[in-house]
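S.K.: Please see the structure below; I have some questions.
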Amino acid sequence: MKILLSVIALSLLTLTAKADIYGIVEFPLNAYDLVTFSSSQVTARLCDGCEVSTVKAGEAVSYFEKNDPVNLQAATELYVSKKYSTVSLFIDNRTNTLSYIRFGEFEEGTDE
């Protein structure tokens, strides 16, 4: 039964995530599903109905406010303030580590 539930959960994660050709998977979340945030790891509910997961930070995590890079302090302030309703975690599928976080949605057609 545990194996079946694990397979179902993995399938749901695969359906809700968007992958690029480099193995980075985007998990778009409601801001309140990002439970904890620090420079070393995040805990988040990666899909509706999923339990909270911990993802360790990769070697060099980048932070963005929409399209603009920000530092860790600004990212922390965005996390605390819940300025945006959406937060995207980009997780390296090969190492299961956090590559970058985007607060707010990416805006197409603007200079990055």
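Residues are named by chain letter and number: chains run A, B, ... in the order of the structure tokens, numbers start at 1 in each chain, and ligands are numbered from 1 in the order shown.
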Might you pull out every residue within 6 Å of Ala57 in chain A, with only C-alpha atoms counted and same-chain residues fewer than 3 positions away left off, and present them as a ChimeraX atom specification?
M.R.: /A:40-41,97-98
S.K.: Rank nothing, just name the residue among A:Leu29, A:Val80, A:Ala75, A:Val35 nearest to Cys47 in chain A, using only C-alpha atoms.
M.R.: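 Once distances to Cys47 in chain A are computed over only C-alpha atoms, the minimum belongs to A:Leu29.
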S.K.: Skipping near chain neighbours, those fewer than 2 positions away, what residues fall within 8 Å of Ile91 in chain A using only C-alpha atoms, listed as a PyMOL selection string?
M.R.: chain A and resi 24-27+89+93+96-100
S.K.: Go ahead and write the selection's residues with C-alpha atoms as a PDB file, in the first residue's frame.
M.R.:
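Once written, result05.pdb looks like this:
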```pdb
ATOM      1  CA  ILE A  24      15.198  21.597 -13.522  1.00  0.00           C
ATOM      2  CA  VAL A  25      11.588  21.119 -12.431  1.00  0.00           C
ATOM      3  CA  GLU A  26       9.336  24.074 -11.621  1.00  0.00           C
ATOM      4  CA  PHE A  27       6.870  23.698  -8.762  1.00  0.00           C
ATOM      5  CA  LEU A  89      10.537  26.466  -6.562  1.00  0.00           C
ATOM      6  CA  ASN A  93      15.711  16.716 -10.634  1.00  0.00           C
ATOM      7  CA  ASN A  96      16.930  16.831  -5.682  1.00  0.00           C
ATOM      8  CA  THR A  97      18.262  20.213  -4.575  1.00  0.00           C
ATOM      9  CA  LEU A  98      16.861  23.711  -4.870  1.00  0.00           C
ATOM     10  CA  SER A  99      18.306  25.718  -7.780  1.00  0.00           C
ATOM     11  CA  TYR A 100      16.281  28.906  -7.550  1.00  0.00           C
TER      12      TYR A 100
END
```
S.K.: Write out as a list in words the residues lying within 8 Å of Thr76 in chain A, counting only C-alpha atoms and excluding same-chain residues fewer than 4 positions away.
M.R.: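 Final neighbour list, sorted by chain and number: Phe37, Ser38, Leu72 and Val80 of chain A.
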S.K.: Pick out the closest residue to Asp33 in chain A from this set: A:Gly58, A:Gly109, A:Gly49, A:Pro69. Count only C-alpha atoms.
M.R.: A:Gly49
S.K.: If we count only C-alpha atoms, what is near Asn71 in chain A at a cut-off of 12 Å, once residues fewer than 4 positions away on the same chain are taken out, given as a list in words?
M.R.: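 So the residues in contact are Ser39, Ala60, Val61, Ser62, Tyr63, Phe64, Glu65, Ala75, Thr76, Glu77, Leu78, Tyr100, Ile101 and Arg102 of chain A.
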S.K.: Taking only C-alpha atoms into account, which of A:Asp92, A:Gly104, A:Gly23, A:Lys82 comes nearest Glu59 in chain A?
M.R.: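 Closest to Glu59 in chain A, using only C-alpha atoms: A:Asp92.
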